[in-house]
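run03.pdb, holding PDB, C-alpha atoms, pLDDT in the B column:
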MODEL        1
ATOM      1  CA  MET A   1      24.538  28.881   3.778  1.00 46.00           C
ATOM      2  CA  THR A   2      24.871  27.330   0.345  1.00 58.00           C
ATOM      3  CA  ALA A   3      27.094  29.235  -2.040  1.00 58.00           C
ATOM      4  CA  ALA A   4      25.521  30.166  -5.364  1.00 62.00           C
ATOM      5  CA  GLY A   5      25.995  27.383  -7.864  1.00 84.00           C
ATOM      6  CA  THR A   6      26.739  24.726  -5.231  1.00 96.00           C
ATOM      7  CA  PRO A   7      24.640  21.627  -6.034  1.00 98.00           C
ATOM      8  CA  ILE A   8      22.491  20.130  -3.288  1.00 98.00           C
ATOM      9  CA  ALA A   9      22.410  16.371  -2.661  1.00 98.00           C
ATOM     10  CA  VAL A  10      19.906  14.729  -0.309  1.00 98.00           C
ATOM     11  CA  ILE A  11      20.947  11.363   1.142  1.00 98.00           C
ATOM     12  CA  THR A  12      18.481   9.213   3.085  1.00 98.00           C
ATOM     13  CA  GLY A  13      19.534   6.628   5.639  1.00 97.00           C
ATOM     14  CA  ALA A  14      22.741   8.579   6.230  1.00 98.00           C
ATOM     15  CA  SER A  15      23.244   7.688   9.891  1.00 96.00           C
ATOM     16  CA  SER A  16      25.706   4.877   9.099  1.00 96.00           C
ATOM     17  CA  GLY A  17      27.128   2.582   6.439  1.00 96.00           C
ATOM     18  CA  ILE A  18      26.652   3.374   2.764  1.00 97.00           C
ATOM     19  CA  GLY A  19      24.562   6.473   3.406  1.00 98.00           C
ATOM     20  CA  ALA A  20      27.147   8.102   5.661  1.00 98.00           C
ATOM     21  CA  ALA A  21      29.997   7.165   3.308  1.00 98.00           C
ATOM     22  CA  THR A  22      28.097   8.581   0.334  1.00 98.00           C
ATOM     23  CA  ALA A  23      27.499  11.844   2.179  1.00 98.00           C
ATOM     24  CA  ARG A  24      31.202  12.189   2.891  1.00 98.00           C
ATOM     25  CA  GLN A  25      32.198  11.483  -0.701  1.00 98.00           C
ATOM     26  CA  LEU A  26      29.586  13.715  -2.335  1.00 98.00           C
ATOM     27  CA  ALA A  27      30.536  16.513   0.059  1.00 98.00           C
ATOM     28  CA  ALA A  28      34.179  16.106  -0.931  1.00 98.00           C
ATOM     29  CA  ALA A  29      33.070  16.217  -4.579  1.00 98.00           C
ATOM     30  CA  GLY A  30      31.605  19.685  -4.019  1.00 98.00           C
ATOM     31  CA  TYR A  31      27.990  19.029  -3.038  1.00 98.00           C
ATOM     32  CA  HIS A  32      26.137  20.557  -0.129  1.00 98.00           C
ATOM     33  CA  VAL A  33      24.823  17.342   1.405  1.00 98.00           C
ATOM     34  CA  VAL A  34      21.544  17.179   3.287  1.00 98.00           C
ATOM     35  CA  VAL A  35      21.820  14.059   5.434  1.00 98.00           C
ATOM     36  CA  THR A  36      18.648  12.466   6.734  1.00 98.00           C
ATOM     37  CA  ALA A  37      17.856   9.539   9.019  1.00 98.00           C
ATOM     38  CA  ARG A  38      15.790   8.757  12.100  1.00 97.00           C
ATOM     39  CA  ARG A  39      18.778   8.907  14.470  1.00 96.00           C
ATOM     40  CA  LYS A  40      19.237  12.608  15.146  1.00 97.00           C
ATOM     41  CA  ASP A  41      22.495  12.257  17.064  1.00 97.00           C
ATOM     42  CA  ARG A  42      24.162  10.264  14.286  1.00 97.00           C
ATOM     43  CA  ILE A  43      23.334  12.590  11.417  1.00 98.00           C
ATOM     44  CA  GLU A  44      24.155  15.704  13.423  1.00 98.00           C
ATOM     45  CA  ALA A  45      27.553  14.214  14.237  1.00 98.00           C
ATOM     46  CA  LEU A  46      28.058  13.361  10.559  1.00 98.00           C
ATOM     47  CA  ALA A  47      27.105  16.871   9.447  1.00 98.00           C
ATOM     48  CA  ALA A  48      29.501  18.339  12.026  1.00 98.00           C
ATOM     49  CA  GLU A  49      32.297  16.052  10.798  1.00 98.00           C
ATOM     50  CA  ILE A  50      31.733  17.036   7.168  1.00 98.00           C
ATOM     51  CA  THR A  51      31.581  20.728   8.057  1.00 98.00           C
ATOM     52  CA  ALA A  52      34.787  20.455  10.095  1.00 98.00           C
ATOM     53  CA  ALA A  53      36.461  18.999   6.991  1.00 98.00           C
ATOM     54  CA  GLY A  54      35.639  22.208   5.141  1.00 98.00           C
ATOM     55  CA  HIS A  55      32.565  21.018   3.255  1.00 98.00           C
ATOM     56  CA  LEU A  56      28.854  21.822   3.440  1.00 98.00           C
ATOM     57  CA  ALA A  57      26.344  19.626   5.281  1.00 98.00           C
ATOM     58  CA  THR A  58      22.926  19.962   6.882  1.00 98.00           C
ATOM     59  CA  ALA A  59      21.257  17.326   9.088  1.00 98.00           C
ATOM     60  CA  TYR A  60      17.519  16.668   9.067  1.00 98.00           C
ATOM     61  CA  THR A  61      15.838  14.014  11.194  1.00 98.00           C
ATOM     62  CA  LEU A  62      13.463  12.041   8.986  1.00 98.00           C
ATOM     63  CA  ASP A  63      11.590   8.753   8.803  1.00 98.00           C
ATOM     64  CA  VAL A  64      11.140   8.084   5.080  1.00 98.00           C
ATOM     65  CA  THR A  65       8.000   6.015   5.724  1.00 98.00           C
ATOM     66  CA  ASP A  66       6.218   8.999   7.331  1.00 98.00           C
ATOM     67  CA  ARG A  67       4.681  10.815   4.350  1.00 98.00           C
ATOM     68  CA  PRO A  68       3.578  13.972   6.206  1.00 98.00           C
ATOM     69  CA  ALA A  69       7.120  14.291   7.590  1.00 98.00           C
ATOM     70  CA  VAL A  70       8.569  13.785   4.104  1.00 98.00           C
ATOM     71  CA  ASP A  71       6.291  16.480   2.688  1.00 98.00           C
ATOM     72  CA  ALA A  72       7.324  18.848   5.482  1.00 98.00           C
ATOM     73  CA  PHE A  73      10.973  18.105   4.682  1.00 98.00           C
ATOM     74  CA  ALA A  74      10.376  18.878   0.994  1.00 98.00           C
ATOM     75  CA  ALA A  75       8.747  22.177   1.977  1.00 98.00           C
ATOM     76  CA  GLU A  76      11.812  23.117   4.039  1.00 97.00           C
ATOM     77  CA  LEU A  77      14.080  22.334   1.113  1.00 97.00           C
ATOM     78  CA  ALA A  78      12.202  24.981  -0.857  1.00 94.00           C
ATOM     79  CA  GLY A  79      14.434  27.433   1.020  1.00 93.00           C
ATOM     80  CA  PHE A  80      17.511  26.037  -0.725  1.00 96.00           C
ATOM     81  CA  PRO A  81      18.575  27.414  -4.124  1.00 95.00           C
ATOM     82  CA  SER A  82      17.886  24.038  -5.754  1.00 96.00           C
ATOM     83  CA  VAL A  83      17.702  20.300  -5.167  1.00 98.00           C
ATOM     84  CA  ASP A  84      19.982  18.523  -7.605  1.00 98.00           C
ATOM     85  CA  VAL A  85      20.489  14.949  -6.375  1.00 98.00           C
ATOM     86  CA  LEU A  86      18.415  12.516  -4.337  1.00 99.00           C
ATOM     87  CA  VAL A  87      20.122   9.357  -3.098  1.00 99.00           C
ATOM     88  CA  ASN A  88      17.447   6.915  -1.925  1.00 98.00           C
ATOM     89  CA  ASN A  89      19.624   4.846   0.381  1.00 98.00           C
ATOM     90  CA  ALA A  90      17.323   4.194   3.350  1.00 97.00           C
ATOM     91  CA  GLY A  91      16.357   0.522   3.497  1.00 95.00           C
ATOM     92  CA  GLY A  92      17.583  -2.716   4.945  1.00 94.00           C
ATOM     93  CA  ALA A  93      16.861  -6.389   5.530  1.00 94.00           C
ATOM     94  CA  LEU A  94      15.088  -8.147   8.379  1.00 94.00           C
ATOM     95  CA  GLY A  95      15.273 -11.893   8.981  1.00 93.00           C
ATOM     96  CA  ALA A  96      16.327 -14.801   6.804  1.00 93.00           C
ATOM     97  CA  ASP A  97      13.424 -17.189   7.244  1.00 95.00           C
ATOM     98  CA  PRO A  98      11.952 -19.252   4.425  1.00 96.00           C
ATOM     99  CA  VAL A  99       8.658 -18.211   2.860  1.00 97.00           C
ATOM    100  CA  ALA A 100       6.807 -20.874   4.857  1.00 97.00           C
ATOM    101  CA  THR A 101       7.692 -19.294   8.208  1.00 97.00           C
ATOM    102  CA  GLY A 102       8.597 -15.700   7.343  1.00 96.00           C
ATOM    103  CA  ASP A 103       7.308 -12.930   9.592  1.00 97.00           C
ATOM    104  CA  PRO A 104       4.703 -10.832   7.716  1.00 97.00           C
ATOM    105  CA  GLY A 105       5.546  -7.906   9.961  1.00 97.00           C
ATOM    106  CA  GLN A 106       9.175  -7.974   8.834  1.00 97.00           C
ATOM    107  CA  TRP A 107       8.102  -8.272   5.204  1.00 97.00           C
ATOM    108  CA  ARG A 108       5.813  -5.267   5.619  1.00 98.00           C
ATOM    109  CA  GLN A 109       8.523  -3.218   7.310  1.00 97.00           C
ATOM    110  CA  MET A 110      11.044  -4.008   4.574  1.00 97.00           C
ATOM    111  CA  PHE A 111       8.563  -3.032   1.868  1.00 98.00           C
ATOM    112  CA  GLU A 112       7.650   0.184   3.671  1.00 98.00           C
ATOM    113  CA  THR A 113      11.286   1.266   4.037  1.00 97.00           C
ATOM    114  CA  ASN A 114      12.818   0.037   0.792  1.00 98.00           C
ATOM    115  CA  VAL A 115       9.927   0.773  -1.564  1.00 98.00           C
ATOM    116  CA  ILE A 116       7.402   3.178  -0.015  1.00 98.00           C
ATOM    117  CA  GLY A 117      10.178   5.248   1.545  1.00 98.00           C
ATOM    118  CA  THR A 118      11.841   5.578  -1.859  1.00 98.00           C
ATOM    119  CA  LEU A 119       8.487   6.427  -3.418  1.00 98.00           C
ATOM    120  CA  ASN A 120       7.777   9.072  -0.766  1.00 98.00           C
ATOM    121  CA  LEU A 121      11.067  10.921  -1.218  1.00 98.00           C
ATOM    122  CA  THR A 122      11.033  10.635  -5.006  1.00 98.00           C
ATOM    123  CA  GLN A 123       7.494  11.969  -5.305  1.00 98.00           C
ATOM    124  CA  ALA A 124       8.130  14.785  -2.842  1.00 98.00           C
ATOM    125  CA  LEU A 125      11.394  15.962  -4.423  1.00 98.00           C
ATOM    126  CA  LEU A 126      10.832  15.221  -8.111  1.00 98.00           C
ATOM    127  CA  PRO A 127       9.351  18.679  -8.828  1.00 98.00           C
ATOM    128  CA  ALA A 128      12.430  20.364  -7.341  1.00 98.00           C
ATOM    129  CA  LEU A 129      14.800  17.971  -9.093  1.00 98.00           C
ATOM    130  CA  THR A 130      13.072  18.757 -12.390  1.00 98.00           C
ATOM    131  CA  ALA A 131      13.109  22.497 -11.713  1.00 98.00           C
ATOM    132  CA  SER A 132      16.871  22.329 -11.130  1.00 97.00           C
ATOM    133  CA  GLY A 133      17.284  21.659 -14.846  1.00 98.00           C
ATOM    134  CA  ASP A 134      19.781  18.881 -14.157  1.00 98.00           C
ATOM    135  CA  GLY A 135      18.455  16.506 -11.513  1.00 98.00           C
ATOM    136  CA  THR A 136      19.474  12.993 -10.543  1.00 98.00           C
ATOM    137  CA  VAL A 137      17.533  10.320  -8.666  1.00 98.00           C
ATOM    138  CA  VAL A 138      19.625   7.445  -7.308  1.00 98.00           C
ATOM    139  CA  VAL A 139      17.913   4.279  -6.125  1.00 98.00           C
ATOM    140  CA  LEU A 140      20.136   2.019  -4.065  1.00 98.00           C
ATOM    141  CA  SER A 141      18.708  -1.419  -4.684  1.00 98.00           C
ATOM    142  CA  SER A 142      20.674  -4.643  -4.308  1.00 97.00           C
ATOM    143  CA  THR A 143      21.692  -7.709  -6.248  1.00 97.00           C
ATOM    144  CA  ALA A 144      18.800  -9.185  -4.239  1.00 96.00           C
ATOM    145  CA  GLY A 145      16.548  -7.162  -6.535  1.00 96.00           C
ATOM    146  CA  HIS A 146      17.888  -9.055  -9.537  1.00 97.00           C
ATOM    147  CA  GLY A 147      18.078 -12.628  -8.314  1.00 95.00           C
ATOM    148  CA  THR A 148      16.449 -14.762  -5.639  1.00 94.00           C
ATOM    149  CA  TYR A 149      18.100 -16.801  -2.913  1.00 94.00           C
ATOM    150  CA  GLU A 150      16.812 -19.088  -0.190  1.00 94.00           C
ATOM    151  CA  GLY A 151      15.902 -17.373   3.043  1.00 94.00           C
ATOM    152  CA  GLY A 152      15.796 -13.968   1.434  1.00 95.00           C
ATOM    153  CA  ALA A 153      12.353 -13.734  -0.164  1.00 96.00           C
ATOM    154  CA  GLY A 154      11.119 -10.784   1.889  1.00 97.00           C
ATOM    155  CA  TYR A 155      14.212  -8.694   1.193  1.00 96.00           C
ATOM    156  CA  VAL A 156      14.343  -9.882  -2.424  1.00 97.00           C
ATOM    157  CA  ALA A 157      10.720  -8.819  -2.917  1.00 97.00           C
ATOM    158  CA  ALA A 158      11.382  -5.391  -1.414  1.00 98.00           C
ATOM    159  CA  LYS A 159      14.514  -4.757  -3.458  1.00 98.00           C
ATOM    160  CA  HIS A 160      12.777  -6.051  -6.574  1.00 98.00           C
ATOM    161  CA  GLY A 161      10.203  -3.356  -5.880  1.00 98.00           C
ATOM    162  CA  ALA A 162      12.929  -0.705  -5.630  1.00 98.00           C
ATOM    163  CA  HIS A 163      14.439  -1.919  -8.917  1.00 98.00           C
ATOM    164  CA  VAL A 164      11.089  -1.804 -10.711  1.00 98.00           C
ATOM    165  CA  LEU A 165      10.368   1.655  -9.294  1.00 98.00           C
ATOM    166  CA  ALA A 166      13.640   2.970 -10.754  1.00 98.00           C
ATOM    167  CA  GLU A 167      13.143   1.261 -14.104  1.00 98.00           C
ATOM    168  CA  THR A 168       9.566   2.502 -14.478  1.00 98.00           C
ATOM    169  CA  LEU A 169      10.355   6.042 -13.349  1.00 98.00           C
ATOM    170  CA  ARG A 170      13.073   6.258 -15.996  1.00 98.00           C
ATOM    171  CA  LEU A 171      10.524   5.359 -18.694  1.00 98.00           C
ATOM    172  CA  GLU A 172       7.942   7.780 -17.373  1.00 98.00           C
ATOM    173  CA  ILE A 173      10.135  10.891 -17.107  1.00 98.00           C
ATOM    174  CA  VAL A 174      12.288  10.459 -20.201  1.00 98.00           C
ATOM    175  CA  GLY A 175      12.584  13.824 -21.903  1.00 98.00           C
ATOM    176  CA  THR A 176      12.768  15.706 -18.602  1.00 98.00           C
ATOM    177  CA  PRO A 177      16.105  16.966 -17.215  1.00 98.00           C
ATOM    178  CA  VAL A 178      16.281  14.207 -14.570  1.00 98.00           C
ATOM    179  CA  ARG A 179      18.395  11.054 -14.669  1.00 98.00           C
ATOM    180  CA  VAL A 180      17.442   7.861 -12.840  1.00 98.00           C
ATOM    181  CA  ILE A 181      20.381   5.770 -11.661  1.00 98.00           C
ATOM    182  CA  GLU A 182      20.151   2.389  -9.952  1.00 98.00           C
ATOM    183  CA  VAL A 183      23.128   1.023  -8.033  1.00 98.00           C
ATOM    184  CA  ALA A 184      22.792  -2.616  -6.971  1.00 98.00           C
ATOM    185  CA  PRO A 185      25.485  -3.752  -4.514  1.00 98.00           C
ATOM    186  CA  GLY A 186      26.205  -7.371  -3.673  1.00 97.00           C
ATOM    187  CA  MET A 187      27.944  -8.413  -0.465  1.00 96.00           C
ATOM    188  CA  VAL A 188      28.814  -5.295   1.529  1.00 96.00           C
ATOM    189  CA  LYS A 189      30.218  -5.530   5.040  1.00 94.00           C
ATOM    190  CA  THR A 190      29.069  -2.586   7.138  1.00 91.00           C
ATOM    191  CA  GLU A 191      28.808  -2.135  10.877  1.00 84.00           C
ATOM    192  CA  GLU A 192      25.057  -2.659  11.038  1.00 83.00           C
ATOM    193  CA  PHE A 193      23.424  -4.336   8.010  1.00 88.00           C
ATOM    194  CA  ALA A 194      23.759  -8.018   8.921  1.00 83.00           C
ATOM    195  CA  THR A 195      23.509  -7.377  12.662  1.00 86.00           C
ATOM    196  CA  THR A 196      20.202  -5.585  12.141  1.00 89.00           C
ATOM    197  CA  ARG A 197      18.984  -8.341   9.840  1.00 89.00           C
ATOM    198  CA  PHE A 198      19.555 -10.949  12.543  1.00 86.00           C
ATOM    199  CA  GLY A 199      18.073  -8.927  15.397  1.00 89.00           C
ATOM    200  CA  GLY A 200      21.404  -8.014  16.986  1.00 89.00           C
ATOM    201  CA  ASP A 201      22.875 -11.535  16.808  1.00 85.00           C
ATOM    202  CA  THR A 202      26.515 -10.711  16.044  1.00 89.00           C
ATOM    203  CA  GLU A 203      27.480 -14.377  15.689  1.00 88.00           C
ATOM    204  CA  LYS A 204      24.943 -14.938  12.914  1.00 87.00           C
ATOM    205  CA  ALA A 205      25.962 -11.669  11.301  1.00 87.00           C
ATOM    206  CA  ALA A 206      29.632 -12.677  11.260  1.00 89.00           C
ATOM    207  CA  LYS A 207      28.811 -15.923   9.451  1.00 89.00           C
ATOM    208  CA  VAL A 208      27.544 -13.952   6.446  1.00 91.00           C
ATOM    209  CA  TYR A 209      31.097 -12.792   5.743  1.00 92.00           C
ATOM    210  CA  ALA A 210      32.999 -15.822   7.080  1.00 93.00           C
ATOM    211  CA  GLY A 211      35.937 -16.708   4.860  1.00 94.00           C
ATOM    212  CA  VAL A 212      35.342 -13.841   2.415  1.00 95.00           C
ATOM    213  CA  ALA A 213      38.687 -12.089   2.280  1.00 92.00           C
ATOM    214  CA  HIS A 214      37.442  -8.796   0.867  1.00 95.00           C
ATOM    215  CA  PRO A 215      33.712  -8.085   0.884  1.00 96.00           C
ATOM    216  CA  LEU A 216      32.742  -4.646  -0.383  1.00 97.00           C
ATOM    217  CA  THR A 217      32.919  -1.753   2.055  1.00 97.00           C
ATOM    218  CA  ALA A 218      30.556   1.184   2.438  1.00 97.00           C
ATOM    219  CA  ASP A 219      33.233   3.363   0.852  1.00 98.00           C
ATOM    220  CA  ASP A 220      33.381   1.091  -2.200  1.00 98.00           C
ATOM    221  CA  VAL A 221      29.671   1.559  -2.822  1.00 98.00           C
ATOM    222  CA  ALA A 222      29.796   5.276  -2.038  1.00 98.00           C
ATOM    223  CA  ASP A 223      32.596   5.655  -4.566  1.00 98.00           C
ATOM    224  CA  THR A 224      30.409   3.924  -7.155  1.00 98.00           C
ATOM    225  CA  ILE A 225      27.438   6.179  -6.387  1.00 98.00           C
ATOM    226  CA  THR A 226      29.582   9.313  -6.499  1.00 98.00           C
ATOM    227  CA  TRP A 227      31.120   8.273  -9.821  1.00 98.00           C
ATOM    228  CA  ALA A 228      27.685   7.688 -11.366  1.00 98.00           C
ATOM    229  CA  VAL A 229      26.277  10.974 -10.048  1.00 98.00           C
ATOM    230  CA  THR A 230      29.242  13.023 -11.270  1.00 98.00           C
ATOM    231  CA  ARG A 231      29.131  11.802 -14.877  1.00 98.00           C
ATOM    232  CA  PRO A 232      28.274  14.487 -17.468  1.00 98.00           C
ATOM    233  CA  SER A 233      24.582  15.362 -17.527  1.00 96.00           C
ATOM    234  CA  HIS A 234      23.873  13.489 -20.758  1.00 97.00           C
ATOM    235  CA  VAL A 235      25.341  10.248 -19.364  1.00 98.00           C
ATOM    236  CA  ASN A 236      22.861   8.055 -17.456  1.00 98.00           C
ATOM    237  CA  ILE A 237      24.133   4.990 -15.629  1.00 98.00           C
ATOM    238  CA  ASP A 238      20.861   3.067 -15.811  1.00 98.00           C
ATOM    239  CA  LEU A 239      22.015   0.141 -13.686  1.00 98.00           C
ATOM    240  CA  LEU A 240      25.342  -0.568 -12.063  1.00 98.00           C
ATOM    241  CA  VAL A 241      25.795  -3.927 -10.325  1.00 98.00           C
ATOM    242  CA  VAL A 242      28.817  -4.054  -8.028  1.00 98.00           C
ATOM    243  CA  ARG A 243      30.039  -7.126  -6.147  1.00 98.00           C
ATOM    244  CA  PRO A 244      33.258  -8.198  -4.461  1.00 97.00           C
ATOM    245  CA  ARG A 245      35.484 -10.377  -6.616  1.00 97.00           C
ATOM    246  CA  ALA A 246      34.744 -13.344  -4.358  1.00 97.00           C
ATOM    247  CA  GLN A 247      31.012 -13.203  -5.110  1.00 97.00           C
ATOM    248  CA  ALA A 248      29.869 -14.567  -8.466  1.00 96.00           C
ATOM    249  CA  SER A 249      26.151 -14.486  -7.627  1.00 95.00           C
ATOM    250  CA  ASN A 250      23.861 -14.141  -4.626  1.00 93.00           C
ATOM    251  CA  SER A 251      24.419 -17.808  -3.799  1.00 91.00           C
ATOM    252  CA  LYS A 252      27.924 -18.424  -5.193  1.00 95.00           C
ATOM    253  CA  VAL A 253      30.616 -16.990  -2.916  1.00 96.00           C
ATOM    254  CA  HIS A 254      34.250 -18.090  -2.601  1.00 96.00           C
ATOM    255  CA  ARG A 255      35.159 -18.561   1.035  1.00 96.00           C
ATOM    256  CA  GLU A 256      38.667 -19.278   2.301  1.00 93.00           C
ATOM    257  CA  LEU A 257      37.751 -21.536   5.213  1.00 79.00           C
TER     258      LEU A 257
ENDMDL
END

Please go through the file and, once you have read it, give me the structure as structure tokens.
Amino acid sequence: MTAAGTPIAVITGASSGIGAATARQLAAAGYHVVVTARRKDRIEALAAEITAAGHLATAYTLDVTDRPAVDAFAAELAGFPSVDVLVNNAGGALGADPVATGDPGQWRQMFETNVIGTLNLTQALLPALTASGDGTVVVLSSTAGHGTYEGGAGYVAAKHGAHVLAETLRLEIVGTPVRVIEVAPGMVKTEEFATTRFGGDTEKAAKVYAGVAHPLTADDVADTITWAVTRPSHVNIDLLVVRPRAQASNSKVHREL
């Protein structure tokens, strides 16, 4: 059960990487975290880990692209005292082909997850976030949403969509008690991101980080998200771009080879 006055934070895509790290850090910061993802075993294990550490966590299996499932999830959350934070983390990249040969199916899947998934959760939970009197929507975009690079057009387009969604939402709901925060990470080395992008090819995935002494970690980004969320209510971190020191832009990376 949630103790009276304990804020509730919903994190999507929490089965690994940034989502799981954010859940751990927000839980440690005093939030009851509701962790969602498609992989039931992963989020249940995460919720059990967080609970064992003395914090509050609830797991809910969810595909953010399934609108009826999202609406059912929002209805279940009506049983909680409030919904205070939504971290739209679910997303990801598929492929690195040029525009001329890119797979339309991969483009569609990236748009559905990164943009429509964020739209689904935001629409479904915005009434509750507003009713809380002090809500926060976090959109995890990417530096890809702010600058193009060769071989990344599908992902760039999807993350551009996430960026524009956040920027427009902020304009549309100004004057309501809801903040809209966008966090745009650069090169982050997690256990799955690049491997998933390259269809399980671990050799290709390793080349993304070759020679980069210290790419960002999931904990680095989670720390950034947690810091932004825990600012005083009147402080809105509109956009926070975070990269490793070795990365000057999407296409300019110092490698010690």

Do you know which residues the PyMOL selection byres ((chain A and resi 25) around 12) returns on this file, as a PyMOL selection string?
-> chain A and resi 9+11+18-24+26-33+50+53+55-57+218-227+229-230

Hits of the PyMOL selection byres ((chain A and resi 137-150) around 6) in this structure, as a count of residues only = 19

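Near region 96-110 of chain A, within 7 Å and counting all atoms listed in the file, sit Gly92, Ala93, Thr113, Asn114, Glu150, Gly151, Gly152, Ala153, Gly154, Tyr155 and Ala158 of chain A, not including residues fewer than 3 positions from it in the same chain.
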
Shell around Arg39 (chain A) at 10 Å using all atoms listed in the file, local window under 5 positions removed, as a PyMOL selection string | chain A and resi 13-16+44+60-63

Could you work out how far CA of Ala59 (chain A) lies from CA of Lys40 (chain A), giving the answer in Å with one decimal?
-> 7.9 Å

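The residues returned by the PyMOL selection byres ((chain A and resi 172-178) around 8) on the shown structure are Leu129, Thr130, Gly133, Asp134, Gly135, Thr136, Val137, Thr168, Leu169, Arg170, Leu171, Arg179 and Val180 of chain A.
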
Residue subset to file, keeping C-alpha atoms, as a PDB file, in the frame of the given file:
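Saved as again-v3.pdb:
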ATOM      1  CA  LEU A 129      14.800  17.971  -9.093  1.00 98.00           C
ATOM      2  CA  THR A 130      13.072  18.757 -12.390  1.00 98.00           C
ATOM      3  CA  GLY A 133      17.284  21.659 -14.846  1.00 98.00           C
ATOM      4  CA  ASP A 134      19.781  18.881 -14.157  1.00 98.00           C
ATOM      5  CA  GLY A 135      18.455  16.506 -11.513  1.00 98.00           C
ATOM      6  CA  THR A 136      19.474  12.993 -10.543  1.00 98.00           C
ATOM      7  CA  VAL A 137      17.533  10.320  -8.666  1.00 98.00           C
ATOM      8  CA  THR A 168       9.566   2.502 -14.478  1.00 98.00           C
ATOM      9  CA  LEU A 169      10.355   6.042 -13.349  1.00 98.00           C
ATOM     10  CA  ARG A 170      13.073   6.258 -15.996  1.00 98.00           C
ATOM     11  CA  LEU A 171      10.524   5.359 -18.694  1.00 98.00           C
ATOM     12  CA  ARG A 179      18.395  11.054 -14.669  1.00 98.00           C
ATOM     13  CA  VAL A 180      17.442   7.861 -12.840  1.00 98.00           C
TER      14      VAL A 180
END

How far is it from CA of Phe111 (chain A) to CA of Phe193 (chain A), in Å with one decimal?
->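 Taking CA of Phe111 (chain A) and CA of Phe193 (chain A), their separation equals 16.1 Å.
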
Pick from A:Gly200, A:Pro244, A:Gly79, A:Pro232, whichever lies nearest to Leu216 (chain A) using all atoms listed in the file |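 Nearest candidate to Leu216 (chain A) out of A:Gly200, A:Pro244, A:Gly79, A:Pro232: A:Pro244.
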
Would you please work out which residue, of A:Gly17, A:Gly95, A:Pro7, A:Pro81, is nearest to Asp201 (chain A) when using only C-alpha atoms?
-> A:Gly95

Record the distance separating CA of Pro215 (chain A) and CA of Asp41 (chain A), expressed in Å with one decimal.
->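 Interatomic distance here is 28.3 Å.
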
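The protein and nucleic acid residues lying at most 12 Å from Ala246 (chain A) are Gly186, Met187, Val188, Tyr209, Ala210, Gly211, Val212, Ala213, His214, Pro215, Leu216, Val242, Arg243, Pro244, Ala248, Ser249, Asn250, Ser251, Lys252, Val253, His254, Arg255 and Glu256 of chain A, with only C-alpha atoms considered and sequence neighbours fewer than 2 positions away removed.
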
Draw an axis-aligned box tight on the listed atoms of region 134-143 of chain A, then pad every side by 3 Å and write out centre and edge lengths in Å to one decimal as lines of an AutoDock Vina configuration file.
center_x = 19.6
center_y = 5.6
center_z = -9.1
size_x = 10.2
size_y = 32.6
size_z = 16.1

Sphere at (11.4, 11.9, 5.4), radius 10 Å, counting all atoms listed in the file: residues as JSON, numbers by chain | {"A": [12, 13, 36, 37, 38, 60, 61, 62, 63, 64, 65, 66, 67, 68, 69, 70, 71, 72, 73, 74, 90, 117, 118, 120, 121, 124]}

File dump, residues just selected, C-alpha atoms, as a short mmCIF file (atom, residue, chain, number, x, y, z; two decimals), keeping the file's coordinate frame:
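See result-v5.cif below for the written result:
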data_model
loop_
_atom_site.label_atom_id
_atom_site.label_comp_id
_atom_site.auth_asym_id
_atom_site.auth_seq_id
_atom_site.Cartn_x
_atom_site.Cartn_y
_atom_site.Cartn_z
CA THR A 12 18.48 9.21 3.08
CA GLY A 13 19.53 6.63 5.64
CA THR A 36 18.65 12.47 6.73
CA ALA A 37 17.86 9.54 9.02
CA ARG A 38 15.79 8.76 12.10
CA TYR A 60 17.52 16.67 9.07
CA THR A 61 15.84 14.01 11.19
CA LEU A 62 13.46 12.04 8.99
CA ASP A 63 11.59 8.75 8.80
CA VAL A 64 11.14 8.08 5.08
CA THR A 65 8.00 6.02 5.72
CA ASP A 66 6.22 9.00 7.33
CA ARG A 67 4.68 10.82 4.35
CA PRO A 68 3.58 13.97 6.21
CA ALA A 69 7.12 14.29 7.59
CA VAL A 70 8.57 13.78 4.10
CA ASP A 71 6.29 16.48 2.69
CA ALA A 72 7.32 18.85 5.48
CA PHE A 73 10.97 18.10 4.68
CA ALA A 74 10.38 18.88 0.99
CA ALA A 90 17.32 4.19 3.35
CA GLY A 117 10.18 5.25 1.54
CA THR A 118 11.84 5.58 -1.86
CA ASN A 120 7.78 9.07 -0.77
CA LEU A 121 11.07 10.92 -1.22
CA ALA A 124 8.13 14.78 -2.84
#

What would region 44-48 of chain A look like with N, CA, C and O atoms in place, written as a PDB file, in the frame of the given file?
ATOM      1  N   GLU A  44      23.582  14.426  13.007  1.00 98.00           N
ATOM      2  CA  GLU A  44      24.155  15.704  13.423  1.00 98.00           C
ATOM      3  C   GLU A  44      25.661  15.585  13.593  1.00 98.00           C
ATOM      4  O   GLU A  44      26.414  16.502  13.237  1.00 98.00           O
ATOM      5  N   ALA A  45      26.110  14.442  14.111  1.00 98.00           N
ATOM      6  CA  ALA A  45      27.553  14.214  14.237  1.00 98.00           C
ATOM      7  C   ALA A  45      28.204  14.125  12.864  1.00 98.00           C
ATOM      8  O   ALA A  45      29.305  14.652  12.647  1.00 98.00           O
ATOM      9  N   LEU A  46      27.524  13.474  11.923  1.00 98.00           N
ATOM     10  CA  LEU A  46      28.058  13.361  10.559  1.00 98.00           C
ATOM     11  C   LEU A  46      28.145  14.735   9.906  1.00 98.00           C
ATOM     12  O   LEU A  46      29.168  15.076   9.289  1.00 98.00           O
ATOM     13  N   ALA A  47      27.089  15.531  10.039  1.00 98.00           N
ATOM     14  CA  ALA A  47      27.105  16.871   9.447  1.00 98.00           C
ATOM     15  C   ALA A  47      28.222  17.720  10.048  1.00 98.00           C
ATOM     16  O   ALA A  47      28.906  18.467   9.339  1.00 98.00           O
ATOM     17  N   ALA A  48      28.432  17.591  11.360  1.00 98.00           N
ATOM     18  CA  ALA A  48      29.501  18.339  12.026  1.00 98.00           C
ATOM     19  C   ALA A  48      30.872  17.895  11.514  1.00 98.00           C
ATOM     20  O   ALA A  48      31.770  18.719  11.289  1.00 98.00           O
TER      21      ALA A  48
END
